[in-house]
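Raw contents of entry28.cif, mmCIF, C-alpha atoms:
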```
data_start
loop_
_atom_site.label_atom_id
_atom_site.label_comp_id
_atom_site.auth_asym_id
_atom_site.auth_seq_id
_atom_site.Cartn_x
_atom_site.Cartn_y
_atom_site.Cartn_z
CA MET B 119 51.01 113.12 117.27
CA SER B 120 54.52 113.49 115.85
CA ILE B 121 55.56 110.38 117.80
CA GLN B 122 53.10 108.30 115.79
CA LYS B 123 54.43 109.73 112.52
CA ASN B 124 57.97 108.70 113.47
CA GLN B 125 57.10 105.08 114.29
CA PRO B 126 56.87 103.80 110.66
CA GLN B 127 59.96 105.82 109.75
CA LYS B 128 61.94 104.33 112.66
CA ALA B 129 60.79 100.83 111.71
CA THR B 130 61.88 101.43 108.13
CA GLN B 131 65.27 102.75 109.25
CA LYS B 132 65.75 99.74 111.51
CA PHE B 133 64.87 97.39 108.65
CA VAL B 134 67.29 99.14 106.28
CA ARG B 135 70.07 98.95 108.86
CA ARG B 136 69.48 95.23 109.30
CA VAL B 137 69.53 94.69 105.53
CA VAL B 138 72.81 96.61 105.23
CA ALA B 139 74.33 94.66 108.14
CA SER B 140 73.18 91.39 106.57
CA ALA B 141 74.74 92.42 103.25
CA PHE B 142 78.09 93.07 104.95
CA ILE B 143 77.92 89.71 106.73
CA LEU B 144 77.07 87.98 103.46
CA GLN B 145 80.00 89.68 101.76
CA ALA B 146 82.35 88.43 104.50
CA ILE B 147 81.01 84.90 104.07
CA ILE B 148 81.52 85.11 100.31
CA ILE B 149 85.14 86.21 100.84
CA GLY B 150 85.71 83.09 102.96
CA ILE B 151 83.98 80.72 100.54
CA LYS B 152 85.85 82.15 97.55
CA GLY B 153 89.12 81.78 99.45
CA ASN B 154 88.37 78.12 100.18
CA LEU B 155 87.46 77.46 96.56
CA ASP B 156 90.65 79.14 95.36
CA VAL B 157 92.81 77.01 97.69
CA HIS B 158 91.01 73.83 96.62
CA SER B 159 91.47 74.76 92.96
CA GLY B 160 95.23 74.80 93.43
CA LYS B 161 96.09 78.45 93.92
CA PRO B 162 98.94 79.08 96.39
CA ALA B 163 97.54 79.42 99.90
CA LEU B 164 99.68 82.45 100.71
CA ASP B 165 98.35 84.31 97.66
CA VAL B 166 94.78 83.41 98.58
CA ILE B 167 95.24 84.48 102.20
CA GLN B 168 96.81 87.76 101.11
CA GLY B 169 93.85 88.44 98.80
CA MET B 170 91.37 87.55 101.53
CA ILE B 171 93.08 89.92 103.96
CA VAL B 172 92.93 92.76 101.42
CA GLN B 173 89.23 92.08 100.76
CA GLY B 174 88.57 91.87 104.50
CA ILE B 175 90.26 95.19 105.15
CA GLU B 176 88.25 96.80 102.34
CA LEU B 177 85.07 95.41 103.90
CA ILE B 178 86.02 96.72 107.35
CA VAL B 179 86.71 100.19 105.92
CA LYS B 180 83.41 100.12 104.05
CA THR B 181 81.44 99.14 107.17
CA HIS B 182 83.20 101.81 109.21
CA ARG B 183 82.37 104.50 106.65
CA THR B 184 78.76 103.33 106.50
CA ARG B 185 78.46 103.40 110.28
CA LYS B 186 79.92 106.90 110.48
CA SER B 187 77.56 108.07 107.74
CA VAL B 188 74.52 106.65 109.57
CA GLU B 189 75.62 108.20 112.87
CA LYS B 190 76.14 111.57 111.18
CA GLY B 191 72.66 111.36 109.66
CA ASP B 192 71.17 110.51 113.05
CA ARG B 193 72.90 113.50 114.66
CA ILE B 194 71.58 115.84 111.96
CA LYS B 195 68.04 114.51 112.38
CA LYS B 196 68.20 114.88 116.17
CA ALA B 197 69.45 118.46 115.80
CA ARG B 198 66.55 119.27 113.45
CA ILE B 199 64.04 117.75 115.84
CA ALA B 200 65.49 119.77 118.71
CA GLN B 201 65.16 122.96 116.68
CA ASN B 202 61.68 122.20 115.31
CA PRO B 203 59.91 119.75 117.63
CA ASP B 204 56.56 120.24 115.84
CA ASP B 205 57.82 119.07 112.40
#
```

In structure tokens, how does this file's structure come out?
Amino acid sequence: MSIQKNQPQKATQKFVRRVVASAFILQAIIIGIKGNLDVHSGKPALDVIQGMIVQGIELIVKTHRTRKSVEKGDRIKKARIAQNPDD
């Protein structure tokens, strides 16, 4: 019975993870588009590339932190289930 209760929750979690992943991908695409627009508007290419690298690193750090947070949450949930399998 508890397996059936977890199905909608797992589907919701999977959906949320896909939305978050899509948001990170969209942010990376926006960084690239903005960089192209800046170069075409006449800004120095080296300055634009430097800014894009900084934004890219920030995005990588953000995705890494998000991934670690999700994994930590999953470990906590699995530990709770192991302690209280009837919940």

Taking into account all atoms listed in the file, which residue in the set B:Lys128, B:Lys152, B:Lys186, B:Arg135 is nearest to Gln173 in chain B?
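Checking each of B:Lys128, B:Lys152, B:Lys186, B:Arg135 against Gln173 in chain B, counting all atoms listed in the file, the winner is B:Lys152.
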
One number please: CA of Leu155 in chain B to CA of Gly169 in chain B, in Å, one decimal.
12.9 Å

Kindly indicate which residue among B:Gln127, B:Arg136, B:Val179, B:Gly174 lies nearest to Gly150 in chain B, using all atoms listed in the file for the distances.
B:Gly174

Just how far from CA of Leu144 in chain B is CA of Ser159 in chain B, in Å to one decimal?
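A separation of 22.2 Å between them.
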
Can you rebuild range 166-177 of chain B with all heavy atoms and give it as a PDB file, in the coordinates of the input?
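The result, stored in rebuild_13.pdb:
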```pdb
ATOM      1  N   VAL B 166      96.212  83.374  98.262  1.00  0.00           N
ATOM      2  CA  VAL B 166      94.780  83.410  98.580  1.00  0.00           C
ATOM      3  C   VAL B 166      94.562  84.154  99.901  1.00  0.00           C
ATOM      4  O   VAL B 166      93.682  85.017 100.006  1.00  0.00           O
ATOM      5  CB  VAL B 166      94.194  81.983  98.651  1.00  0.00           C
ATOM      6  CG1 VAL B 166      92.764  82.013  99.155  1.00  0.00           C
ATOM      7  CG2 VAL B 166      94.263  81.313  97.284  1.00  0.00           C
ATOM      8  N   ILE B 167      95.375  83.825 100.897  1.00  0.00           N
ATOM      9  CA  ILE B 167      95.240  84.480 102.200  1.00  0.00           C
ATOM     10  C   ILE B 167      95.494  85.972 102.079  1.00  0.00           C
ATOM     11  O   ILE B 167      94.763  86.786 102.648  1.00  0.00           O
ATOM     12  CB  ILE B 167      96.204  83.838 103.230  1.00  0.00           C
ATOM     13  CG1 ILE B 167      95.735  82.416 103.549  1.00  0.00           C
ATOM     14  CG2 ILE B 167      96.286  84.679 104.501  1.00  0.00           C
ATOM     15  CD1 ILE B 167      96.722  81.609 104.350  1.00  0.00           C
ATOM     16  N   GLN B 168      96.507  86.343 101.314  1.00  0.00           N
ATOM     17  CA  GLN B 168      96.810  87.760 101.110  1.00  0.00           C
ATOM     18  C   GLN B 168      95.608  88.466 100.463  1.00  0.00           C
ATOM     19  O   GLN B 168      95.208  89.549 100.888  1.00  0.00           O
ATOM     20  CB  GLN B 168      98.046  87.926 100.244  1.00  0.00           C
ATOM     21  CG  GLN B 168      98.452  89.363 100.025  1.00  0.00           C
ATOM     22  CD  GLN B 168      99.677  89.488  99.134  1.00  0.00           C
ATOM     23  OE1 GLN B 168     100.143  88.512  98.550  1.00  0.00           O
ATOM     24  NE2 GLN B 168     100.198  90.692  99.017  1.00  0.00           N
ATOM     25  N   GLY B 169      95.026  87.857  99.458  1.00  0.00           N
ATOM     26  CA  GLY B 169      93.850  88.440  98.800  1.00  0.00           C
ATOM     27  C   GLY B 169      92.660  88.550  99.737  1.00  0.00           C
ATOM     28  O   GLY B 169      91.932  89.546  99.728  1.00  0.00           O
ATOM     29  N   MET B 170      92.470  87.527 100.569  1.00  0.00           N
ATOM     30  CA  MET B 170      91.370  87.550 101.530  1.00  0.00           C
ATOM     31  C   MET B 170      91.565  88.663 102.565  1.00  0.00           C
ATOM     32  O   MET B 170      90.606  89.327 102.959  1.00  0.00           O
ATOM     33  CB  MET B 170      91.228  86.192 102.216  1.00  0.00           C
ATOM     34  CG  MET B 170      90.715  85.096 101.308  1.00  0.00           C
ATOM     35  SD  MET B 170      90.694  83.469 102.096  1.00  0.00           S
ATOM     36  CE  MET B 170      89.442  83.717 103.328  1.00  0.00           C
ATOM     37  N   ILE B 171      92.797  88.859 102.994  1.00  0.00           N
ATOM     38  CA  ILE B 171      93.080  89.920 103.960  1.00  0.00           C
ATOM     39  C   ILE B 171      92.783  91.278 103.348  1.00  0.00           C
ATOM     40  O   ILE B 171      92.151  92.131 103.986  1.00  0.00           O
ATOM     41  CB  ILE B 171      94.543  89.834 104.454  1.00  0.00           C
ATOM     42  CG1 ILE B 171      94.715  88.611 105.359  1.00  0.00           C
ATOM     43  CG2 ILE B 171      94.954  91.110 105.190  1.00  0.00           C
ATOM     44  CD1 ILE B 171      96.155  88.303 105.730  1.00  0.00           C
ATOM     45  N   VAL B 172      93.197  91.481 102.100  1.00  0.00           N
ATOM     46  CA  VAL B 172      92.930  92.760 101.420  1.00  0.00           C
ATOM     47  C   VAL B 172      91.424  92.979 101.306  1.00  0.00           C
ATOM     48  O   VAL B 172      90.917  94.065 101.613  1.00  0.00           O
ATOM     49  CB  VAL B 172      93.606  92.782 100.035  1.00  0.00           C
ATOM     50  CG1 VAL B 172      93.112  93.958  99.208  1.00  0.00           C
ATOM     51  CG2 VAL B 172      95.117  92.821 100.175  1.00  0.00           C
ATOM     52  N   GLN B 173      90.682  91.955 100.882  1.00  0.00           N
ATOM     53  CA  GLN B 173      89.230  92.080 100.760  1.00  0.00           C
ATOM     54  C   GLN B 173      88.581  92.327 102.120  1.00  0.00           C
ATOM     55  O   GLN B 173      87.637  93.108 102.234  1.00  0.00           O
ATOM     56  CB  GLN B 173      88.634  90.831 100.128  1.00  0.00           C
ATOM     57  CG  GLN B 173      88.998  90.666  98.671  1.00  0.00           C
ATOM     58  CD  GLN B 173      88.502  89.342  98.111  1.00  0.00           C
ATOM     59  OE1 GLN B 173      88.045  88.465  98.841  1.00  0.00           O
ATOM     60  NE2 GLN B 173      88.603  89.196  96.805  1.00  0.00           N
ATOM     61  N   GLY B 174      89.099  91.668 103.148  1.00  0.00           N
ATOM     62  CA  GLY B 174      88.570  91.870 104.500  1.00  0.00           C
ATOM     63  C   GLY B 174      88.788  93.279 104.996  1.00  0.00           C
ATOM     64  O   GLY B 174      87.898  93.883 105.599  1.00  0.00           O
ATOM     65  N   ILE B 175      89.977  93.822 104.739  1.00  0.00           N
ATOM     66  CA  ILE B 175      90.260  95.190 105.150  1.00  0.00           C
ATOM     67  C   ILE B 175      89.352  96.166 104.408  1.00  0.00           C
ATOM     68  O   ILE B 175      88.819  97.106 105.008  1.00  0.00           O
ATOM     69  CB  ILE B 175      91.755  95.533 104.933  1.00  0.00           C
ATOM     70  CG1 ILE B 175      92.608  94.743 105.928  1.00  0.00           C
ATOM     71  CG2 ILE B 175      92.015  97.030 105.059  1.00  0.00           C
ATOM     72  CD1 ILE B 175      94.097  94.814 105.667  1.00  0.00           C
ATOM     73  N   GLU B 176      89.157  95.939 103.109  1.00  0.00           N
ATOM     74  CA  GLU B 176      88.250  96.800 102.340  1.00  0.00           C
ATOM     75  C   GLU B 176      86.836  96.748 102.921  1.00  0.00           C
ATOM     76  O   GLU B 176      86.157  97.776 103.020  1.00  0.00           O
ATOM     77  CB  GLU B 176      88.219  96.368 100.880  1.00  0.00           C
ATOM     78  CG  GLU B 176      89.497  96.676 100.125  1.00  0.00           C
ATOM     79  CD  GLU B 176      89.513  96.081  98.731  1.00  0.00           C
ATOM     80  OE1 GLU B 176      88.562  95.366  98.345  1.00  0.00           O
ATOM     81  OE2 GLU B 176      90.487  96.345  98.001  1.00  0.00           O
ATOM     82  N   LEU B 177      86.405  95.569 103.319  1.00  0.00           N
ATOM     83  CA  LEU B 177      85.070  95.410 103.900  1.00  0.00           C
ATOM     84  C   LEU B 177      84.973  96.140 105.249  1.00  0.00           C
ATOM     85  O   LEU B 177      83.984  96.810 105.529  1.00  0.00           O
ATOM     86  CB  LEU B 177      84.737  93.925 104.077  1.00  0.00           C
ATOM     87  CG  LEU B 177      83.366  93.593 104.637  1.00  0.00           C
ATOM     88  CD1 LEU B 177      82.263  94.140 103.738  1.00  0.00           C
ATOM     89  CD2 LEU B 177      83.218  92.086 104.783  1.00  0.00           C
TER      90      LEU B 177
END
```
